[in-house]
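First comes the structure, then the notes that go with it.
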Amino acid sequence: MKALEKLNLKQQQVLIVKSKKSNINSGATGWLFASPWIIGLVLFYLLPLVVSIYYSFTSYSILRPGEFIGLQNYKELLVDPLFLKSIYNTVYFAVFYVPLSIICGVALAMMLNMKIKGMTIYRTIFFLPTLVPHVAIAVLWMWLLNPGFGLVNGFLDMIGIKGPAWLGSETWSKPSLIFMSLWGIGQSVVIYLAGLGDISSEYYEAAEVDGANWFQKTFHITLPLLTPVIFFNLVMGIIGAFQQFTLPYTLTQGQGKPANSLTFYVMYLYDNGFKYFRMGYASAMAWVLFVVIMVLTLLIFWSSKRWVHYQGK
Amino acid sequence: MNPTHVKKIKISFAHICLLIASAFFLIPFIWMVSTSLKPIEQVFTFPPEWIPKPFRWDNYSKAIEYIPFWTYLSNTAIITILSTLGVVLTCPLVAYSFAKLKWRGRNVLFALTLAVMMIPGQVTMIPLFLLFNKLGWVGTPYPLIIPQFFGVPFYIFLLRQFFLGLPDSLREAAKMDGASELRVYWQIMLPLAKPAVMAVGLFQLMASWTDFLGPLLYLTNQESYTLSLALQQFQNKQGSEWSLMMAVSTLLTLPIIILFFFLQKTFIKGITFSGIKG
């Protein structure tokens with residue numbers, strides 16, 4: 001055995017010397033190092049994925065073994081009013097929140113990128129809300145938006161406006177959620193700031209020479225060169241918006257009230273799976289969500305050729 | 001108007017904009033802390049008052065007594081520490097293997113890793129729940145800890161990008177001196193990757209500390225609750241005890257803010273890195 005090992009070692013050394021860059025001998029080691037993840041990948045990702053497709057075609061529930069029912073779950077989804085409502089709510093949120101978060105995020109980042117005093121303090125302030133756990137954000141904003149004693153209505157009252165019931169109103173509940181989500185925008189601002197820092201100052205110097213004003217510089221240099229970062233935040237924003245759960249769940253104690261105006265897609269999925277134990281049905285919902293997110297992501301990727309500009313290209 | 005004037009006006013304008021925006025981001029915080037220290041009569045005054053009169057520090061001790069705070073804190077801390085440990089142990093090792101070692105099937109596996117990053121958690125949520133249920137782990141914190149020891153695709157991806165940026169020469173030199181692959185990793189490459197490992201560890205720490213859906217699914221008995229879950233339950237039962245709820249919210253947020261002030265650079269770098277590379 002020892003001799004074999006020795007021989008192996010020699011061979012290995014020869015090989016290393018032969019081809020300096022490639023490490024042919026690291027095959028087994030490579031597998032060994034990656035082995036925890038290979039197990040994890042199969043056990044916690046690939047198998048559940050396959051099982052989930054299967055469940056979506058069954059009436060499986062944790063309480064009783066399900067039967068194979070073909071496309072029944074999917075057909076039922078099409079006529080489930082609460083399912084459709086949850087889609088409406090989720091799309092409503094995404095359509096307003098994602099563009100708003102991009103506009104506000106870019107605007108804030110541009111302000112924070114100026115060379116003025118106290119910038120580190122401003123930057124810290126904008127980042128602080130992202131450190132607050134979602135459950136705490138929900139509780140805090142319920143209090144801020146309290147119709148009777150909340151700070152927001154107190155402020156509106158001061159300037160002579162009678163504030164709405166916010167989270168208690170069917171019309172204002174979703175705008176409230178958008179509003180409080182914008183409060184936690186700091187993370188994307190940090191990414192925009194990094195993107196702004198990456199833009200070479202040569203562009204601005206050249207524009208300066210040509211006598212460009214602030215407006216021209218913003219719309220012809222800054223924004224086009226920021227598009228890769230905007231693209232990243234757009235994709236992440238949409239994925240996040242469709243998977244919204246903790247905020248609306250905590251705000252409404254899991255009920256999506258008032259009048260289901262805060263029943264979001266994943267909340268309804270959770271209810272089906274873990275409240276009504278309709279796990280087959282919930283799996284079908286998960287797959288619909290997966291497909292929708294995939295299609296949207298692909299669409300954005302496909303469109304990105306037209307509007308995303310990389311520096312030096 | 002001369003140019004310096006224009007510049008001064010511009011800067012003042014910027015400050016005004018930034019101050020208004022800062023108010024939007026800062027006031028909710030101040031309000032949270034202020035409410036947490038108010039006596040109950042003052043909570044429900046309209047128009048709202050800012051300064052607690054008198055300061056009721058005992059709101060905090062009340063809140064801590066009201067829920068078994070120390071139990072929940074230690075539950076949260078155990079889950080957070082162990083899952084972060086799992087991530088920091090496994091993910092760099094796997095990422096290193098993907099970045100620097102050559103083995104058959106590596107590229108296919110890496111492509112699969114990228115692919116599963118795209119799967120929304122909701123798709124695997126139900127089969128995973130049933131798996132953990134079979135193992136008898138529902139009602140225990142294991143489902144929130146053990147998977148982290150088997151790697152998280154996003155972190156593996158980030159760390160791989162970082163390892164790719166490290167030069168091969170050091171590794172080759174060490175190998176020439178007869179160091180084993182594990183030693184090269186442990187004594188040379190891992191220390192070099194420290195900033196990235198720290199960032200990933202911090203991501204997991206935040207994720208575990210603030211997680212809500214995980215504990216909601218798996219921590220079914222009350223003694224095993226985390227603070228996030230406890231706060232939500234508290235709000236269910238005591239919907240109008242705003243000062244106590246704000247106290248718990250403050251206590252839940254405070255450790256993260258303290259951590260942030262110590263590790264500010266790691267926070268910002270981590271986010272930037274994931275944004276630019278991702």
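We label chains A, B, ... in the order they appear in the structure tokens, count residues from 1 in each chain, and number ligands from 1 in the order shown.
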*Neighbour list for A:Trp143 as a list in words, cut-off 10 Å, only C-alpha atoms, skip fewer than 3 positions in-chain*: Ile137, Ala138, Val139, Leu140, Asn146, Pro147, Gly148, Phe149, Gly150, Leu151 and Val152 of chain A; Pro28, Trp31, Met32, Thr35, Ser240, Trp242, Ser243, Met245 and Met246 of chain B
List every residue of chain A that has an atom at most 6 Å from any atom of chain B, and for each one report the closest atom pair and its distance in Å to one decimal, counting only C-alpha atoms, with rows sorted by chain and then by increasing residue number, as a tab-separated table.
```
residue	atom	partner	partner_atom	distance
A:Ser26	CA	B:Leu101	CA	5.9
A:Gly27	CA	B:Trp103	CA	4.1
A:Gly30	CA	B:Ser97	CA	5.3
A:Phe33	CA	B:Val94	CA	5.7
A:Ala34	CA	B:Val94	CA	4.5
A:Pro36	CA	B:Phe150	CA	4.9
A:Trp37	CA	B:Phe150	CA	5.1
A:Gly40	CA	B:Phe150	CA	4.8
A:Pro48	CA	B:Pro127	CA	5.1
A:Leu49	CA	B:Thr124	CA	5.6
A:Val132	CA	B:Thr253	CA	5.4
A:Pro133	CA	B:Thr210	CA	4.9
A:Ala136	CA	B:Ser249	CA	5.1
A:Phe149	CA	B:Phe44	CA	5.9
A:Gly154	CA	B:Pro47	CA	5.4
A:Ile191	CA	B:Thr272	CA	5.2
A:Ala286	CA	B:Val123	CA	4.9
```
*Using only C-alpha atoms, which residues sit within 12 Å of A:Ala284 once same-chain residues fewer than 5 positions away are excluded, as a ChimeraX atom specification?*
/A:49,51-60,69-78,83,269,272-273,278-279,289-291 /B:122-124,126
Residues of the last selection are to be written out with N, CA and C atoms, as a compact mmCIF listing (two decimals), in the first residue's frame.
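Generated output (out_37.txt):
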```
# COMPACT_ATOMS: atom_id res chain seq x y z
N LEU A 49 -37.65 19.47 -5.26
CA LEU A 49 -38.16 20.05 -6.50
C LEU A 49 -39.00 19.03 -7.26
N VAL A 51 -40.28 16.18 -6.09
CA VAL A 51 -41.44 15.78 -5.29
C VAL A 51 -42.53 16.84 -5.39
N SER A 52 -42.12 18.11 -5.41
CA SER A 52 -43.09 19.19 -5.47
C SER A 52 -43.90 19.16 -6.77
N ILE A 53 -43.23 18.84 -7.89
CA ILE A 53 -43.99 18.73 -9.15
C ILE A 53 -45.03 17.62 -9.01
N TYR A 54 -44.58 16.50 -8.46
CA TYR A 54 -45.50 15.37 -8.32
C TYR A 54 -46.70 15.77 -7.44
N TYR A 55 -46.41 16.37 -6.29
CA TYR A 55 -47.49 16.76 -5.38
C TYR A 55 -48.50 17.68 -6.06
N SER A 56 -48.00 18.53 -6.95
CA SER A 56 -48.90 19.50 -7.55
C SER A 56 -49.96 18.81 -8.42
N PHE A 57 -49.72 17.55 -8.74
CA PHE A 57 -50.73 16.80 -9.50
C PHE A 57 -51.53 15.85 -8.61
N THR A 58 -51.39 16.01 -7.30
CA THR A 58 -52.13 15.12 -6.39
C THR A 58 -52.97 15.93 -5.41
N SER A 59 -53.79 15.22 -4.67
CA SER A 59 -54.57 15.88 -3.62
C SER A 59 -53.90 15.66 -2.27
N TYR A 60 -52.57 15.61 -2.27
CA TYR A 60 -51.82 15.27 -1.07
C TYR A 60 -52.10 16.24 0.08
N ILE A 69 -54.41 13.34 -9.32
CA ILE A 69 -55.62 13.94 -9.88
C ILE A 69 -55.32 14.76 -11.14
N GLY A 70 -54.14 14.54 -11.72
CA GLY A 70 -53.81 15.23 -12.96
C GLY A 70 -53.79 16.73 -12.80
N LEU A 71 -54.41 17.42 -13.70
CA LEU A 71 -54.34 18.88 -13.70
C LEU A 71 -55.40 19.55 -12.84
N GLN A 72 -56.10 18.72 -12.04
CA GLN A 72 -57.23 19.23 -11.26
C GLN A 72 -56.88 20.48 -10.44
N ASN A 73 -55.72 20.43 -9.74
CA ASN A 73 -55.33 21.58 -8.90
C ASN A 73 -55.20 22.85 -9.72
N TYR A 74 -54.57 22.70 -10.87
CA TYR A 74 -54.33 23.87 -11.71
C TYR A 74 -55.64 24.43 -12.25
N LYS A 75 -56.55 23.51 -12.61
CA LYS A 75 -57.86 23.95 -13.10
C LYS A 75 -58.62 24.69 -12.02
N GLU A 76 -58.52 24.15 -10.80
CA GLU A 76 -59.23 24.78 -9.69
C GLU A 76 -58.68 26.18 -9.41
N LEU A 77 -57.36 26.34 -9.54
CA LEU A 77 -56.74 27.64 -9.30
C LEU A 77 -57.36 28.72 -10.19
N LEU A 78 -57.62 28.34 -11.44
CA LEU A 78 -58.12 29.32 -12.41
C LEU A 78 -59.44 29.94 -11.99
N PHE A 83 -57.44 33.13 -4.97
CA PHE A 83 -56.19 32.99 -5.72
C PHE A 83 -56.04 34.19 -6.66
N LEU A 269 -50.63 30.86 -0.42
CA LEU A 269 -49.94 29.57 -0.58
C LEU A 269 -49.70 28.94 0.79
N ASN A 272 -52.94 27.63 2.31
CA ASN A 272 -53.37 26.37 1.72
C ASN A 272 -52.52 25.21 2.22
N GLY A 273 -51.22 25.42 2.28
CA GLY A 273 -50.33 24.34 2.67
C GLY A 273 -50.40 24.01 4.15
N ARG A 278 -53.81 21.67 2.41
CA ARG A 278 -53.99 21.26 1.01
C ARG A 278 -52.64 21.40 0.32
N MET A 279 -51.77 20.43 0.59
CA MET A 279 -50.39 20.58 0.16
C MET A 279 -50.21 20.38 -1.34
N LEU A 289 -46.08 30.15 -9.42
CA LEU A 289 -45.21 31.27 -9.03
C LEU A 289 -43.83 31.14 -9.68
N PHE A 290 -43.29 29.93 -9.62
CA PHE A 290 -41.98 29.66 -10.20
C PHE A 290 -41.97 30.03 -11.68
N VAL A 291 -42.98 29.55 -12.40
CA VAL A 291 -43.03 29.80 -13.84
C VAL A 291 -43.16 31.31 -14.12
N GLN B 122 -40.59 28.80 -2.00
CA GLN B 122 -41.93 28.24 -1.81
C GLN B 122 -42.10 26.90 -2.51
N VAL B 123 -41.32 26.67 -3.57
CA VAL B 123 -41.48 25.43 -4.34
C VAL B 123 -41.00 24.24 -3.51
N THR B 124 -39.89 24.42 -2.81
CA THR B 124 -39.35 23.29 -2.05
C THR B 124 -39.87 23.27 -0.61
N ILE B 126 -42.82 22.83 0.85
CA ILE B 126 -43.73 21.77 1.31
C ILE B 126 -43.04 20.40 1.38
```
*asked:* If we count only C-alpha atoms and set the cut-off at 6 Å, which residues sit around A:Thr130, ignoring sequence neighbours fewer than 3 positions away in its own chain? Please answer as a list in words.
replied: Phe127, Gly184 and Gly186 of chain A
_Just list as a PyMOL selection string whatever in stretch 13-234 of chain B DSSP marks as helix (DSSP H, G or I)._
chain B and resi 13-36+40-43+58-66+69-100+106-117+121-134+142-150+153-164+169-176+181-192+194-210+213-218+222-224+227-234
*Nearest to A:Gln243, chosen from A:Met142, A:Val91, A:Tyr265, A:Leu63, with only C-alpha atoms counted in the distances*: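 Looking only at the distances to A:Gln243, the closest residue turns out to be A:Tyr265.
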Would you pick out the contacts of B:Gln187 at 12 Å or less, using only C-alpha atoms, so that residues sharing its chain but fewer than 6 positions from it are not included, and give the list as a PDB file with C-alpha atoms, in the first residue's frame?
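Result file is around_17.pdb:
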```pdb
ATOM      1  CA  LEU B 170       0.484  30.894  -3.824  1.00  0.00           C
ATOM      2  CA  ARG B 171      -1.436  27.682  -4.001  1.00  0.00           C
ATOM      3  CA  ALA B 174       2.526  25.576  -1.294  1.00  0.00           C
ATOM      4  CA  ALA B 179       1.336  20.774   1.537  1.00  0.00           C
ATOM      5  CA  SER B 180      -1.886  18.785   1.316  1.00  0.00           C
ATOM      6  CA  GLU B 181      -4.892  20.297  -0.408  1.00  0.00           C
ATOM      7  CA  ALA B 193     -10.853  34.959   1.666  1.00  0.00           C
ATOM      8  CA  LYS B 194     -11.626  36.299   5.129  1.00  0.00           C
TER       9      LYS B 194
END
```
